[in-house]
$ cat target04.txt   # compact mmCIF, N, CA and C atoms and all ligand atoms
# COMPACT_ATOMS: atom_id res chain seq x y z
N MET A 245 130.89 186.82 133.12
CA MET A 245 131.15 185.69 134.00
C MET A 245 130.26 185.79 135.22
N LEU A 246 129.55 184.73 135.52
CA LEU A 246 128.75 184.67 136.72
C LEU A 246 129.56 183.95 137.78
N LYS A 247 129.92 184.65 138.81
CA LYS A 247 130.76 184.07 139.86
C LYS A 247 130.10 184.36 141.19
N THR A 248 129.84 183.32 141.95
CA THR A 248 129.12 183.49 143.20
C THR A 248 130.06 183.28 144.37
N LYS A 249 130.03 184.20 145.31
CA LYS A 249 130.89 184.08 146.50
C LYS A 249 130.04 184.00 147.77
N THR A 250 128.78 183.62 147.65
CA THR A 250 127.90 183.65 148.81
C THR A 250 128.02 182.39 149.67
N VAL A 251 128.61 181.34 149.14
CA VAL A 251 128.75 180.10 149.89
C VAL A 251 130.21 179.93 150.27
N ALA A 252 130.46 179.69 151.53
CA ALA A 252 131.83 179.50 152.00
C ALA A 252 132.20 178.02 151.87
N TRP A 253 132.99 177.70 150.87
CA TRP A 253 133.47 176.34 150.67
C TRP A 253 134.88 176.26 151.19
N ARG A 254 135.19 175.19 151.86
CA ARG A 254 136.55 174.95 152.30
C ARG A 254 136.96 173.55 151.88
N ARG A 255 138.20 173.44 151.52
CA ARG A 255 138.71 172.12 151.15
C ARG A 255 138.94 171.30 152.41
N SER A 256 138.88 170.01 152.26
CA SER A 256 139.14 169.10 153.37
C SER A 256 140.55 169.31 153.89
N PRO A 257 140.75 169.27 155.21
CA PRO A 257 142.10 169.34 155.76
C PRO A 257 142.97 168.19 155.24
N LEU A 258 142.37 167.14 154.78
CA LEU A 258 143.14 166.00 154.24
C LEU A 258 143.92 166.41 152.99
N LEU A 259 143.48 167.50 152.33
CA LEU A 259 144.15 167.95 151.11
C LEU A 259 145.28 168.94 151.38
N GLU A 260 145.50 169.29 152.65
CA GLU A 260 146.52 170.30 152.96
C GLU A 260 147.92 169.87 152.53
N SER A 261 148.18 168.58 152.54
CA SER A 261 149.51 168.11 152.13
C SER A 261 149.56 167.76 150.65
N ALA A 262 148.45 167.98 149.94
CA ALA A 262 148.41 167.65 148.52
C ALA A 262 149.12 168.72 147.69
N THR A 263 149.32 168.45 146.43
CA THR A 263 150.06 169.33 145.53
C THR A 263 149.15 170.44 144.99
N PRO A 264 149.47 171.70 145.29
CA PRO A 264 148.68 172.79 144.71
C PRO A 264 148.92 172.89 143.21
N CYS A 265 147.92 173.37 142.51
CA CYS A 265 148.07 173.56 141.07
C CYS A 265 147.15 174.69 140.64
N GLN A 266 147.18 175.00 139.37
CA GLN A 266 146.30 176.02 138.82
C GLN A 266 145.53 175.44 137.65
N ILE A 267 144.27 175.83 137.57
CA ILE A 267 143.47 175.46 136.42
C ILE A 267 142.87 176.74 135.83
N THR A 268 142.44 176.67 134.60
CA THR A 268 141.85 177.82 133.94
C THR A 268 140.35 177.61 133.81
N VAL A 269 139.59 178.60 134.24
CA VAL A 269 138.13 178.55 134.13
C VAL A 269 137.68 179.75 133.32
N ASP A 270 137.18 179.50 132.15
CA ASP A 270 136.76 180.57 131.23
C ASP A 270 137.85 181.63 131.09
N GLY A 271 139.09 181.18 131.01
CA GLY A 271 140.21 182.08 130.79
C GLY A 271 140.82 182.67 132.06
N HIS A 272 140.27 182.36 133.23
CA HIS A 272 140.77 182.89 134.50
C HIS A 272 141.48 181.78 135.26
N LEU A 273 142.68 182.07 135.74
CA LEU A 273 143.41 181.09 136.55
C LEU A 273 142.83 181.03 137.95
N ILE A 274 142.61 179.82 138.47
CA ILE A 274 142.22 179.66 139.86
C ILE A 274 143.11 178.61 140.50
N ALA A 275 143.29 178.74 141.80
CA ALA A 275 144.08 177.77 142.55
C ALA A 275 143.24 176.53 142.81
N ALA A 276 143.88 175.38 142.74
CA ALA A 276 143.20 174.11 142.99
C ALA A 276 144.22 173.17 143.63
N VAL A 277 143.79 171.96 143.84
CA VAL A 277 144.67 170.95 144.41
C VAL A 277 144.63 169.74 143.48
N ALA A 278 145.80 169.33 143.03
CA ALA A 278 145.86 168.17 142.14
C ALA A 278 145.26 166.96 142.85
N GLY A 279 144.36 166.30 142.19
CA GLY A 279 143.73 165.11 142.74
C GLY A 279 142.37 165.33 143.36
N GLU A 280 142.01 166.60 143.56
CA GLU A 280 140.68 166.83 144.14
C GLU A 280 139.62 166.78 143.05
N CYS A 281 138.38 166.74 143.47
CA CYS A 281 137.24 166.73 142.56
C CYS A 281 137.13 168.10 141.89
N LEU A 282 136.94 168.12 140.58
CA LEU A 282 136.86 169.39 139.86
C LEU A 282 135.67 170.23 140.33
N ALA A 283 134.53 169.61 140.58
CA ALA A 283 133.35 170.37 141.05
C ALA A 283 133.68 171.09 142.35
N THR A 284 134.41 170.44 143.23
CA THR A 284 134.81 171.03 144.50
C THR A 284 135.79 172.17 144.28
N ALA A 285 136.74 171.97 143.38
CA ALA A 285 137.71 173.02 143.08
C ALA A 285 137.01 174.25 142.51
N LEU A 286 136.03 174.03 141.65
CA LEU A 286 135.28 175.15 141.09
C LEU A 286 134.51 175.89 142.18
N ALA A 287 133.86 175.15 143.06
CA ALA A 287 133.11 175.78 144.15
C ALA A 287 134.05 176.56 145.06
N ALA A 288 135.19 175.98 145.39
CA ALA A 288 136.16 176.67 146.24
C ALA A 288 136.68 177.94 145.57
N GLY A 289 136.69 177.94 144.24
CA GLY A 289 137.12 179.12 143.49
C GLY A 289 135.98 180.10 143.25
N GLY A 290 134.79 179.81 143.77
CA GLY A 290 133.67 180.74 143.64
C GLY A 290 132.74 180.43 142.48
N TYR A 291 132.99 179.36 141.77
CA TYR A 291 132.16 179.01 140.61
C TYR A 291 131.12 177.98 141.04
N VAL A 292 129.97 178.48 141.47
CA VAL A 292 128.89 177.59 141.90
C VAL A 292 127.92 177.37 140.75
N ALA A 293 127.65 178.40 139.97
CA ALA A 293 126.83 178.27 138.77
C ALA A 293 127.74 177.75 137.66
N LEU A 294 127.45 176.55 137.17
CA LEU A 294 128.32 175.93 136.18
C LEU A 294 127.75 175.96 134.78
N GLY A 295 126.49 176.32 134.67
CA GLY A 295 125.87 176.37 133.36
C GLY A 295 124.45 176.86 133.48
N ALA A 296 123.74 176.83 132.37
CA ALA A 296 122.35 177.26 132.37
C ALA A 296 121.57 176.40 131.41
N SER A 297 120.33 176.17 131.75
CA SER A 297 119.44 175.43 130.86
C SER A 297 119.06 176.34 129.70
N PRO A 298 118.50 175.79 128.61
CA PRO A 298 118.07 176.65 127.50
C PRO A 298 117.07 177.72 127.95
N GLY A 299 116.33 177.45 129.01
CA GLY A 299 115.38 178.42 129.53
C GLY A 299 115.99 179.45 130.45
N GLY A 300 117.29 179.31 130.73
CA GLY A 300 117.97 180.30 131.54
C GLY A 300 118.10 179.96 133.00
N ARG A 301 117.71 178.76 133.39
CA ARG A 301 117.87 178.38 134.79
C ARG A 301 119.30 177.95 135.06
N ILE A 302 119.81 178.36 136.21
CA ILE A 302 121.18 178.03 136.58
C ILE A 302 121.32 176.55 136.88
N ARG A 303 122.40 175.95 136.37
CA ARG A 303 122.76 174.57 136.70
C ARG A 303 123.97 174.61 137.62
N GLY A 304 124.03 173.63 138.50
CA GLY A 304 125.19 173.51 139.39
C GLY A 304 125.22 172.12 140.00
N VAL A 305 126.12 171.93 140.90
CA VAL A 305 126.30 170.62 141.52
C VAL A 305 125.03 170.22 142.26
N PHE A 306 124.62 168.95 142.06
CA PHE A 306 123.43 168.45 142.74
C PHE A 306 123.70 167.10 143.39
N CYS A 307 124.00 166.09 142.59
CA CYS A 307 124.13 164.73 143.16
C CYS A 307 125.56 164.39 143.60
N MET A 308 126.54 164.97 142.98
CA MET A 308 127.97 164.69 143.25
C MET A 308 128.34 163.22 143.03
N MET A 309 127.61 162.53 142.15
CA MET A 309 127.98 161.15 141.86
C MET A 309 127.79 160.80 140.39
N GLY A 310 127.77 161.82 139.52
CA GLY A 310 127.76 161.58 138.09
C GLY A 310 126.43 161.18 137.49
N VAL A 311 125.35 161.33 138.21
CA VAL A 311 124.05 160.89 137.72
C VAL A 311 123.24 162.01 137.10
N CYS A 312 123.13 163.15 137.77
CA CYS A 312 122.18 164.19 137.35
C CYS A 312 122.65 165.01 136.14
N GLN A 313 123.94 165.08 135.91
CA GLN A 313 124.53 165.84 134.80
C GLN A 313 124.31 167.34 134.91
N GLN A 314 123.95 167.82 136.07
CA GLN A 314 123.74 169.27 136.28
C GLN A 314 125.06 170.03 136.37
N CYS A 315 126.15 169.31 136.55
CA CYS A 315 127.44 169.98 136.76
C CYS A 315 128.33 169.91 135.52
N VAL A 316 127.78 169.55 134.37
CA VAL A 316 128.63 169.36 133.20
C VAL A 316 129.28 170.67 132.77
N ALA A 317 130.49 170.53 132.27
CA ALA A 317 131.26 171.64 131.72
C ALA A 317 132.22 171.05 130.70
N GLU A 318 132.76 171.92 129.87
CA GLU A 318 133.77 171.48 128.90
C GLU A 318 135.12 171.46 129.60
N VAL A 319 135.70 170.28 129.67
CA VAL A 319 136.99 170.09 130.33
C VAL A 319 137.99 169.60 129.30
N ASP A 320 138.96 170.44 128.99
CA ASP A 320 139.95 170.12 127.97
C ASP A 320 139.28 169.68 126.66
N GLY A 321 138.20 170.38 126.31
CA GLY A 321 137.53 170.15 125.05
C GLY A 321 136.48 169.06 125.05
N ILE A 322 136.25 168.43 126.19
CA ILE A 322 135.27 167.34 126.27
C ILE A 322 134.23 167.69 127.32
N ILE A 323 132.94 167.54 126.99
CA ILE A 323 131.87 167.79 127.95
C ILE A 323 131.85 166.65 128.96
N ARG A 324 132.02 167.02 130.24
CA ARG A 324 132.08 165.98 131.29
C ARG A 324 131.40 166.49 132.56
N PRO A 325 130.87 165.58 133.37
CA PRO A 325 130.35 166.00 134.69
C PRO A 325 131.53 166.34 135.60
N THR A 326 131.59 167.57 136.06
CA THR A 326 132.75 168.02 136.83
C THR A 326 132.91 167.27 138.15
N CYS A 327 131.83 166.68 138.65
CA CYS A 327 131.94 165.94 139.91
C CYS A 327 132.66 164.61 139.72
N MET A 328 132.88 164.21 138.47
CA MET A 328 133.54 162.94 138.18
C MET A 328 134.94 163.15 137.60
N VAL A 329 135.42 164.40 137.63
CA VAL A 329 136.73 164.71 137.04
C VAL A 329 137.72 165.02 138.15
N VAL A 330 138.90 164.46 138.04
CA VAL A 330 139.98 164.71 139.00
C VAL A 330 140.85 165.85 138.47
N VAL A 331 141.11 166.82 139.32
CA VAL A 331 141.89 168.00 138.93
C VAL A 331 143.34 167.63 138.65
N ARG A 332 143.87 168.23 137.61
CA ARG A 332 145.31 168.12 137.34
C ARG A 332 145.79 169.49 136.84
N GLU A 333 147.06 169.73 136.97
CA GLU A 333 147.67 171.01 136.59
C GLU A 333 147.34 171.38 135.15
N GLY A 334 146.97 172.63 134.94
CA GLY A 334 146.77 173.14 133.59
C GLY A 334 145.45 172.80 132.95
N MET A 335 144.55 172.21 133.68
CA MET A 335 143.25 171.84 133.13
C MET A 335 142.52 173.08 132.62
N ASP A 336 141.86 172.98 131.49
CA ASP A 336 141.13 174.10 130.90
C ASP A 336 139.63 173.80 130.97
N VAL A 337 138.92 174.61 131.75
CA VAL A 337 137.48 174.39 131.98
C VAL A 337 136.71 175.54 131.38
N ARG A 338 135.66 175.21 130.66
CA ARG A 338 134.78 176.23 130.09
C ARG A 338 133.35 175.97 130.52
N LEU A 339 132.77 176.97 131.15
CA LEU A 339 131.39 176.86 131.63
C LEU A 339 130.42 177.32 130.54
N SER A 340 129.17 176.94 130.67
CA SER A 340 128.16 177.28 129.66
C SER A 340 127.12 178.20 130.28
N LEU A 341 127.46 179.46 130.36
CA LEU A 341 126.57 180.41 131.02
C LEU A 341 125.95 181.41 130.05
N GLU A 342 126.07 181.17 128.75
CA GLU A 342 125.57 182.14 127.77
C GLU A 342 124.08 182.42 127.95
N ALA A 343 123.31 181.40 128.32
CA ALA A 343 121.86 181.58 128.45
C ALA A 343 121.49 182.56 129.56
N LEU A 344 122.43 182.84 130.47
CA LEU A 344 122.16 183.75 131.57
C LEU A 344 122.48 185.20 131.24
N SER A 345 123.24 185.41 130.18
CA SER A 345 123.65 186.78 129.88
C SER A 345 122.72 187.46 128.91
S1 LIG A 401 126.48 166.82 140.37
FE1 LIG A 401 125.22 165.35 139.41
S2 LIG A 401 126.46 164.61 137.78
FE2 LIG A 401 127.72 166.00 138.85

$ encode --input "target04.txt" --output "structure tokens"
Amino acid sequence: MLKTKTVAWRRSPLLESATPCQITVDGHLIAAVAGECLATALAAGGYVALGASPGGRIRGVFCMMGVCQQCVAEVDGIIRPTCMVVVREGMDVRLSLEALS
């Protein structure tokens, strides 16, 4: 698992009254907030590298508006741009980092 903790991400104070939940990322439970952006939840959980190109370059969040597709991951069995997914309890996320190992 490639997990980066070099960037300090904080959730918006607007989410403080929101419902906490847990999601699974590559088999690891992380805390999230129901209704927040999945890409943000992943970053807050330390997952900045979300995948790798066939050549081994790290992919991660870039545009945050569903255009670049650099943030795609398997979410509940479907490949989706994580910046366009709303977090809900029990979500199962699988990253594609095999090319980096
Ligand atoms: S960051 Fe570009 S599609 Fe998600």

$ atom_distance --input "target04.txt" --atom1 "CA of Leu259 (chain A)" --atom2 "CA of Ala276 (chain A)"
10.2 Å

$ axis_aligned_box --input "target04.txt" --around "ligand LIG 401 (chain A)" --padding-each-side "3 Å" --output "JSON"
{"center_x": 126.5, "center_y": 165.7, "center_z": 139.1, "size_x": 8.5, "size_y": 8.2, "size_z": 8.6}

$ residues_near_ligand --input "target04.txt" --ligand "ligand LIG 401 (chain A)" --cutoff "5 Å" --atoms "all atoms listed in the file" --output "VMD selection string"
chain A and resid 305 to 315 325 327

$ closest_residue --input "target04.txt" --among "A:Val329, A:Leu339, A:Val316, A:Ala283" --to "Asp270 (chain A)" --atoms "only N, CA and C atoms"
A:Leu339

$ select_by_dssp --input "target04.txt" --residues "chain A" --states "strand (DSSP E)" --output "PyMOL selection string"
chain A and resi 264-269+272-277+295-296+302-303+316-319+322-325+336-338

$ write_last_selection --input "target04.txt" --atoms "N, CA and C atoms" --output "CSV table (one decimal), keeping the file's coordinate frame"
chain,number,residue,atom,x,y,z
A,264,PRO,N,149.5,171.7,145.3
A,264,PRO,CA,148.7,172.8,144.7
A,264,PRO,C,148.9,172.9,143.2
A,265,CYS,N,147.9,173.4,142.5
A,265,CYS,CA,148.1,173.6,141.1
A,265,CYS,C,147.2,174.7,140.6
A,266,GLN,N,147.2,175.0,139.4
A,266,GLN,CA,146.3,176.0,138.8
A,266,GLN,C,145.5,175.4,137.6
A,267,ILE,N,144.3,175.8,137.6
A,267,ILE,CA,143.5,175.5,136.4
A,267,ILE,C,142.9,176.7,135.8
A,268,THR,N,142.4,176.7,134.6
A,268,THR,CA,141.8,177.8,133.9
A,268,THR,C,140.4,177.6,133.8
A,269,VAL,N,139.6,178.6,134.2
A,269,VAL,CA,138.1,178.6,134.1
A,269,VAL,C,137.7,179.8,133.3
A,272,HIS,N,140.3,182.4,133.2
A,272,HIS,CA,140.8,182.9,134.5
A,272,HIS,C,141.5,181.8,135.3
A,273,LEU,N,142.7,182.1,135.7
A,273,LEU,CA,143.4,181.1,136.6
A,273,LEU,C,142.8,181.0,138.0
A,274,ILE,N,142.6,179.8,138.5
A,274,ILE,CA,142.2,179.7,139.9
A,274,ILE,C,143.1,178.6,140.5
A,275,ALA,N,143.3,178.7,141.8
A,275,ALA,CA,144.1,177.8,142.6
A,275,ALA,C,143.2,176.5,142.8
A,276,ALA,N,143.9,175.4,142.7
A,276,ALA,CA,143.2,174.1,143.0
A,276,ALA,C,144.2,173.2,143.6
A,277,VAL,N,143.8,172.0,143.8
A,277,VAL,CA,144.7,171.0,144.4
A,277,VAL,C,144.6,169.7,143.5
A,295,GLY,N,126.5,176.3,134.7
A,295,GLY,CA,125.9,176.4,133.4
A,295,GLY,C,124.4,176.9,133.5
A,296,ALA,N,123.7,176.8,132.4
A,296,ALA,CA,122.4,177.3,132.4
A,296,ALA,C,121.6,176.4,131.4
A,302,ILE,N,119.8,178.4,136.2
A,302,ILE,CA,121.2,178.0,136.6
A,302,ILE,C,121.3,176.6,136.9
A,303,ARG,N,122.4,176.0,136.4
A,303,ARG,CA,122.8,174.6,136.7
A,303,ARG,C,124.0,174.6,137.6
A,316,VAL,N,127.8,169.6,134.4
A,316,VAL,CA,128.6,169.4,133.2
A,316,VAL,C,129.3,170.7,132.8
A,317,ALA,N,130.5,170.5,132.3
A,317,ALA,CA,131.3,171.6,131.7
A,317,ALA,C,132.2,171.0,130.7
A,318,GLU,N,132.8,171.9,129.9
A,318,GLU,CA,133.8,171.5,128.9
A,318,GLU,C,135.1,171.5,129.6
A,319,VAL,N,135.7,170.3,129.7
A,319,VAL,CA,137.0,170.1,130.3
A,319,VAL,C,138.0,169.6,129.3
A,322,ILE,N,136.2,168.4,126.2
A,322,ILE,CA,135.3,167.3,126.3
A,322,ILE,C,134.2,167.7,127.3
A,323,ILE,N,132.9,167.5,127.0
A,323,ILE,CA,131.9,167.8,128.0
A,323,ILE,C,131.8,166.6,129.0
A,324,ARG,N,132.0,167.0,130.2
A,324,ARG,CA,132.1,166.0,131.3
A,324,ARG,C,131.4,166.5,132.6
A,325,PRO,N,130.9,165.6,133.4
A,325,PRO,CA,130.4,166.0,134.7
A,325,PRO,C,131.5,166.3,135.6
A,336,ASP,N,141.9,173.0,131.5
A,336,ASP,CA,141.1,174.1,130.9
A,336,ASP,C,139.6,173.8,131.0
A,337,VAL,N,138.9,174.6,131.8
A,337,VAL,CA,137.5,174.4,132.0
A,337,VAL,C,136.7,175.5,131.4
A,338,ARG,N,135.7,175.2,130.7
A,338,ARG,CA,134.8,176.2,130.1
A,338,ARG,C,133.4,176.0,130.5

$ atom_distance --input "target04.txt" --atom1 "CA of Pro264 (chain A)" --atom2 "atom N of Tyr291 (chain A)"
17.3 Å
